[in-house]
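The data block below is structure11.pdb; it holds PDB, C-alpha atoms, pLDDT in the B column.
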```pdb
ATOM      1  CA  MET A   8     184.340  52.796 121.746  1.00 52.00           C
ATOM      2  CA  ALA A   9     184.000  54.863 124.917  1.00 73.00           C
ATOM      3  CA  ASP A  10     180.592  54.987 126.550  1.00 91.00           C
ATOM      4  CA  THR A  11     180.858  58.679 127.470  1.00 95.00           C
ATOM      5  CA  VAL A  12     181.475  62.020 125.797  1.00 96.00           C
ATOM      6  CA  GLU A  13     183.584  64.715 127.451  1.00 97.00           C
ATOM      7  CA  PHE A  14     181.297  67.748 127.757  1.00 98.00           C
ATOM      8  CA  GLU A  15     182.709  71.213 128.315  1.00 98.00           C
ATOM      9  CA  LEU A  16     180.654  74.340 128.882  1.00 98.00           C
ATOM     10  CA  VAL A  17     182.575  77.589 128.640  1.00 97.00           C
ATOM     11  CA  SER A  18     181.259  81.091 129.310  1.00 92.00           C
ATOM     12  CA  PRO A  19     183.101  84.307 128.459  1.00 90.00           C
ATOM     13  CA  GLU A  20     184.353  84.415 132.061  1.00 89.00           C
ATOM     14  CA  ARG A  21     185.426  80.828 132.744  1.00 93.00           C
ATOM     15  CA  LEU A  22     185.117  77.098 132.249  1.00 95.00           C
ATOM     16  CA  LEU A  23     181.781  76.245 133.888  1.00 94.00           C
ATOM     17  CA  LEU A  24     181.691  72.497 133.462  1.00 96.00           C
ATOM     18  CA  SER A  25     183.950  69.713 132.235  1.00 97.00           C
ATOM     19  CA  VAL A  26     182.468  66.257 132.826  1.00 97.00           C
ATOM     20  CA  PRO A  27     182.067  62.905 131.100  1.00 97.00           C
ATOM     21  CA  VAL A  28     178.417  62.349 130.133  1.00 97.00           C
ATOM     22  CA  GLU A  29     176.396  59.632 128.431  1.00 97.00           C
ATOM     23  CA  MET A  30     174.661  62.166 126.194  1.00 97.00           C
ATOM     24  CA  VAL A  31     174.105  65.882 125.928  1.00 98.00           C
ATOM     25  CA  VAL A  32     171.200  67.524 124.091  1.00 98.00           C
ATOM     26  CA  VAL A  33     172.021  70.999 122.788  1.00 98.00           C
ATOM     27  CA  PRO A  34     169.644  73.737 121.498  1.00 98.00           C
ATOM     28  CA  GLY A  35     171.058  74.213 117.997  1.00 97.00           C
ATOM     29  CA  ALA A  36     169.940  77.070 115.774  1.00 96.00           C
ATOM     30  CA  GLU A  37     168.272  74.543 113.449  1.00 96.00           C
ATOM     31  CA  GLY A  38     166.806  72.470 116.293  1.00 96.00           C
ATOM     32  CA  ASP A  39     167.922  70.424 119.267  1.00 97.00           C
ATOM     33  CA  PHE A  40     170.572  67.780 118.642  1.00 98.00           C
ATOM     34  CA  GLY A  41     171.910  64.995 120.814  1.00 97.00           C
ATOM     35  CA  VAL A  42     175.578  64.119 121.104  1.00 97.00           C
ATOM     36  CA  LEU A  43     176.568  60.543 121.891  1.00 96.00           C
ATOM     37  CA  PRO A  44     179.996  58.876 121.816  1.00 95.00           C
ATOM     38  CA  GLY A  45     181.289  58.636 118.263  1.00 94.00           C
ATOM     39  CA  HIS A  46     179.213  61.569 116.953  1.00 95.00           C
ATOM     40  CA  ALA A  47     180.354  62.958 113.614  1.00 96.00           C
ATOM     41  CA  PRO A  48     182.329  66.202 113.811  1.00 97.00           C
ATOM     42  CA  MET A  49     180.204  69.335 113.438  1.00 97.00           C
ATOM     43  CA  ILE A  50     179.879  72.954 114.461  1.00 98.00           C
ATOM     44  CA  SER A  51     176.536  74.614 115.194  1.00 98.00           C
ATOM     45  CA  THR A  52     175.363  77.977 116.394  1.00 98.00           C
ATOM     46  CA  LEU A  53     173.010  77.860 119.375  1.00 98.00           C
ATOM     47  CA  ARG A  54     169.701  79.523 120.044  1.00 97.00           C
ATOM     48  CA  PRO A  55     168.554  80.442 123.554  1.00 96.00           C
ATOM     49  CA  GLY A  56     167.500  77.219 125.225  1.00 96.00           C
ATOM     50  CA  VAL A  57     168.330  74.446 127.652  1.00 97.00           C
ATOM     51  CA  ILE A  58     171.220  72.005 127.471  1.00 98.00           C
ATOM     52  CA  ALA A  59     170.206  68.644 128.966  1.00 98.00           C
ATOM     53  CA  ILE A  60     173.092  66.617 130.396  1.00 98.00           C
ATOM     54  CA  TYR A  61     172.464  62.882 130.764  1.00 97.00           C
ATOM     55  CA  LYS A  62     173.987  60.502 133.289  1.00 93.00           C
ATOM     56  CA  ASP A  63     172.669  57.051 134.218  1.00 91.00           C
ATOM     57  CA  ARG A  64     170.103  57.328 131.402  1.00 92.00           C
ATOM     58  CA  THR A  65     168.349  60.338 132.918  1.00 95.00           C
ATOM     59  CA  VAL A  66     168.782  64.085 132.803  1.00 96.00           C
ATOM     60  CA  ASP A  67     171.338  64.888 135.491  1.00 95.00           C
ATOM     61  CA  ARG A  68     171.547  68.661 134.925  1.00 96.00           C
ATOM     62  CA  ARG A  69     169.920  71.382 132.874  1.00 97.00           C
ATOM     63  CA  VAL A  70     171.725  74.566 131.921  1.00 97.00           C
ATOM     64  CA  PHE A  71     170.137  77.495 130.115  1.00 97.00           C
ATOM     65  CA  VAL A  72     172.303  79.122 127.449  1.00 97.00           C
ATOM     66  CA  ALA A  73     171.512  82.460 125.814  1.00 95.00           C
ATOM     67  CA  GLY A  74     173.231  81.435 122.574  1.00 96.00           C
ATOM     68  CA  GLY A  75     176.712  80.582 121.420  1.00 97.00           C
ATOM     69  CA  VAL A  76     178.503  77.889 119.446  1.00 98.00           C
ATOM     70  CA  ALA A  77     178.892  74.127 119.884  1.00 98.00           C
ATOM     71  CA  GLU A  78     181.762  72.093 118.479  1.00 98.00           C
ATOM     72  CA  VAL A  79     181.338  68.332 118.382  1.00 98.00           C
ATOM     73  CA  GLN A  80     184.089  65.745 117.910  1.00 96.00           C
ATOM     74  CA  PRO A  81     183.666  61.943 118.258  1.00 92.00           C
ATOM     75  CA  GLY A  82     184.613  62.006 121.972  1.00 93.00           C
ATOM     76  CA  ARG A  83     183.944  65.618 122.956  1.00 97.00           C
ATOM     77  CA  CYS A  84     181.283  68.340 122.857  1.00 98.00           C
ATOM     78  CA  THR A  85     182.375  71.869 123.675  1.00 98.00           C
ATOM     79  CA  VAL A  86     179.831  74.661 124.081  1.00 98.00           C
ATOM     80  CA  LEU A  87     181.006  78.269 124.052  1.00 98.00           C
ATOM     81  CA  ALA A  88     178.015  80.035 125.580  1.00 97.00           C
ATOM     82  CA  GLU A  89     177.276  83.745 125.525  1.00 94.00           C
ATOM     83  CA  ASP A  90     175.641  83.330 128.938  1.00 93.00           C
ATOM     84  CA  ALA A  91     174.885  80.191 130.943  1.00 95.00           C
ATOM     85  CA  VAL A  92     172.619  79.697 133.963  1.00 93.00           C
ATOM     86  CA  PRO A  93     172.208  76.334 135.733  1.00 93.00           C
ATOM     87  CA  LEU A  94     168.428  75.910 135.955  1.00 92.00           C
ATOM     88  CA  GLU A  95     168.596  74.618 139.524  1.00 89.00           C
ATOM     89  CA  GLU A  96     170.056  78.030 140.452  1.00 90.00           C
ATOM     90  CA  ALA A  97     167.755  80.130 138.254  1.00 90.00           C
ATOM     91  CA  VAL A  98     164.947  82.158 139.770  1.00 91.00           C
ATOM     92  CA  ALA A  99     161.978  83.723 138.028  1.00 93.00           C
ATOM     93  CA  ALA A 100     162.653  87.130 139.574  1.00 94.00           C
ATOM     94  CA  GLU A 101     166.079  87.295 137.889  1.00 92.00           C
ATOM     95  CA  ALA A 102     164.570  86.363 134.530  1.00 94.00           C
ATOM     96  CA  ASP A 103     161.936  89.079 135.018  1.00 96.00           C
ATOM     97  CA  ARG A 104     164.694  91.622 135.805  1.00 95.00           C
ATOM     98  CA  ARG A 105     166.552  90.615 132.644  1.00 95.00           C
ATOM     99  CA  ILE A 106     163.360  91.045 130.630  1.00 97.00           C
ATOM    100  CA  ALA A 107     162.733  94.510 132.101  1.00 97.00           C
ATOM    101  CA  ARG A 108     166.334  95.629 131.448  1.00 96.00           C
ATOM    102  CA  ALA A 109     166.196  94.382 127.855  1.00 96.00           C
ATOM    103  CA  ARG A 110     162.894  96.185 127.224  1.00 97.00           C
ATOM    104  CA  GLU A 111     164.348  99.400 128.640  1.00 97.00           C
ATOM    105  CA  ALA A 112     167.421  99.025 126.443  1.00 96.00           C
ATOM    106  CA  LEU A 113     165.189  98.489 123.407  1.00 95.00           C
ATOM    107  CA  GLU A 114     163.229 101.669 124.184  1.00 96.00           C
ATOM    108  CA  ARG A 115     166.461 103.669 124.604  1.00 95.00           C
ATOM    109  CA  ALA A 116     168.233 102.205 121.562  1.00 94.00           C
ATOM    110  CA  ALA A 117     169.906 105.002 119.625  1.00 94.00           C
ATOM    111  CA  ASP A 118     170.428 103.020 116.425  1.00 96.00           C
ATOM    112  CA  GLU A 119     169.435  99.771 114.755  1.00 96.00           C
ATOM    113  CA  GLY A 120     172.533  97.943 116.021  1.00 95.00           C
ATOM    114  CA  ALA A 121     171.661  98.747 119.635  1.00 95.00           C
ATOM    115  CA  ALA A 122     168.034  97.783 118.991  1.00 96.00           C
ATOM    116  CA  ASP A 123     169.089  94.437 117.508  1.00 96.00           C
ATOM    117  CA  GLU A 124     171.282  93.708 120.545  1.00 95.00           C
ATOM    118  CA  ALA A 125     168.418  94.625 122.898  1.00 96.00           C
ATOM    119  CA  ARG A 126     166.007  92.370 120.960  1.00 96.00           C
ATOM    120  CA  LYS A 127     168.494  89.509 121.221  1.00 95.00           C
ATOM    121  CA  ARG A 128     168.835  90.022 124.990  1.00 95.00           C
ATOM    122  CA  LEU A 129     165.044  90.232 125.344  1.00 96.00           C
ATOM    123  CA  ALA A 130     164.543  86.964 123.436  1.00 96.00           C
ATOM    124  CA  ALA A 131     167.139  85.219 125.622  1.00 95.00           C
ATOM    125  CA  ALA A 132     165.584  86.564 128.838  1.00 96.00           C
ATOM    126  CA  GLU A 133     162.112  85.467 127.753  1.00 96.00           C
ATOM    127  CA  ALA A 134     163.447  82.010 126.868  1.00 95.00           C
ATOM    128  CA  LEU A 135     165.064  81.795 130.317  1.00 95.00           C
ATOM    129  CA  ARG A 136     161.723  82.696 131.924  1.00 95.00           C
ATOM    130  CA  VAL A 137     159.978  79.912 129.972  1.00 95.00           C
ATOM    131  CA  ALA A 138     162.701  77.395 130.898  1.00 94.00           C
ATOM    132  CA  ILE A 139     162.349  78.261 134.591  1.00 94.00           C
ATOM    133  CA  ALA A 140     158.568  77.868 134.407  1.00 92.00           C
ATOM    134  CA  ARG A 141     158.977  74.343 132.982  1.00 89.00           C
ATOM    135  CA  ILE A 142     161.074  72.980 135.848  1.00 81.00           C
TER     136      ILE A 142
END
```
As structure tokens - that is how I would like this structure written.
Amino acid sequence: MADTVEFELVSPERLLLSVPVEMVVVPGAEGDFGVLPGHAPMISTLRPGVIAIYKDRTVDRRVFVAGGVAEVQPGRCTVLAEDAVPLEEAVAAEADRRIARAREALERAADEGAADEARKRLAAAEALRVAIARI
């Protein structure tokens, strides 16, 4: 059995990352889950949170995702993210701007669909702010 899993992170714009990893921990809708070589096939929706990418038995990278879907196969984990921000590049000021824009959109929402979308963006922006504060 291989000792790595091929991890791919895809945003709506492009392929962000495609690397072999020892393990990846993903923020699933039902809770975080780790993917190791030989993992059983599964599909999970994601909640806003941080993907931890392991190399040499330690976290090598952290990437914030606003939500999306993960597909796991025995040798591969593919995450289709709604939005992805490498935490080493994230700044609190950008998270604060996202929060302000989402609050404004919520106040201006013309219908319940627009309000739901604004609430979703606000929750993701607040989660990004918390993730940045923890690094």
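With all atoms listed in the file as the basis for measurement, A:Val31 is the residue among A:Cys84, A:Ala36, A:Val31, A:Val76 that approaches Lys62 in chain A most closely.
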Pick out the residues sitting within 10 Å of Met30 in chain A, and hand them over as a list in words; count all atoms listed in the file, and ignore anything fewer than 4 positions along from it in its own chain.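 Neighbouring residues, sequence-local ones excluded: Asp10, Thr11, Val12, Glu13, Phe14, Gly41, Val42, Leu43, Pro44, Ala59, Ile60, Tyr61, Lys62, Asp63, Arg64, Thr65, Val66 and Cys84 of chain A.
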With all atoms listed in the file as the atoms that count, which of A:Arg104, A:Gly45, A:Ala117, A:Ala91 lies nearest to Leu22 in chain A?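 Among the listed residues, the smallest separation from Leu22 in chain A belongs to A:Ala91.
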Distance in Å - CA of Gly75 in chain A versus CA of Glu89 in chain A: 5.2 Å
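Atom pair CA of Leu87 in chain A / CA of Val17 in chain A has a distance of 4.9 Å (rounded to one decimal).
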Of the residues A:Gly35, A:Pro27, A:Pro48, A:Gly74, which is the one nearest to Ala132 in chain A, using all atoms listed in the file? A:Gly74
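When CA of Leu53 in chain A is paired with CA of Arg83 in chain A, their separation reads 16.8 Å.
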List the neighbours of Leu135 in chain A out to 9 Å using all atoms listed in the file; skip same-chain residues closer than 5 positions along the sequence, and give me the result as a list in words.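 My reading of the contact set: Pro55, Gly56, Val57, Phe71, Val72, Ala73, Val92, Leu94, Ala97, Ala99, Ala102, Ala130 and Ala140 of chain A.
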For Pro93 in chain A, the nearest of the candidates A:Val70, A:Leu23, A:Ala109, A:Ala9, counting all atoms listed in the file: A:Val70
For Pro19 in chain A, which residue out of A:Val86, A:Pro81, A:Gly38, A:Ile139 is the nearest one, using only C-alpha atoms?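 Among the listed residues, the smallest separation from Pro19 in chain A belongs to A:Val86.
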Selection in question (the file shown): the PyMOL selection byres ((chain A and resi 106) around 12). Which residues does it include, as a list in words?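 For this structure, the PyMOL selection byres ((chain A and resi 106) around 12) captures Ala99, Ala100, Glu101, Ala102, Asp103, Arg104, Arg105, Ala107, Arg108, Ala109, Arg110, Glu111, Ala112, Leu113, Ala125, Arg126, Lys127, Arg128, Leu129, Ala130, Ala131, Ala132, Glu133, Ala134, Leu135, Arg136 and Val137 of chain A.
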Write out as AutoDock Vina command-line options an axis-aligned box for range 115-123 of chain A: all of its atoms listed in the file, 4 Å added on each side, centre and edge lengths in Å with one decimal.
```
--center_x 169.5 --center_y 99.7 --center_z 119.7 --size_x 14.1 --size_y 18.6 --size_z 17.8
```
Find the residue from A:Ala121, A:Ile142, A:Ala116, A:Ala88 that sits nearest to Leu24 in chain A; use all atoms listed in the file when measuring.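 Among the listed residues, the smallest separation from Leu24 in chain A belongs to A:Ala88.
Put simply, the PyMOL selection byres ((chain A and resi 78) around 6) on this file hits A:Met49, A:Ile50, A:Ala77, A:Val79, A:Cys84, A:Thr85.
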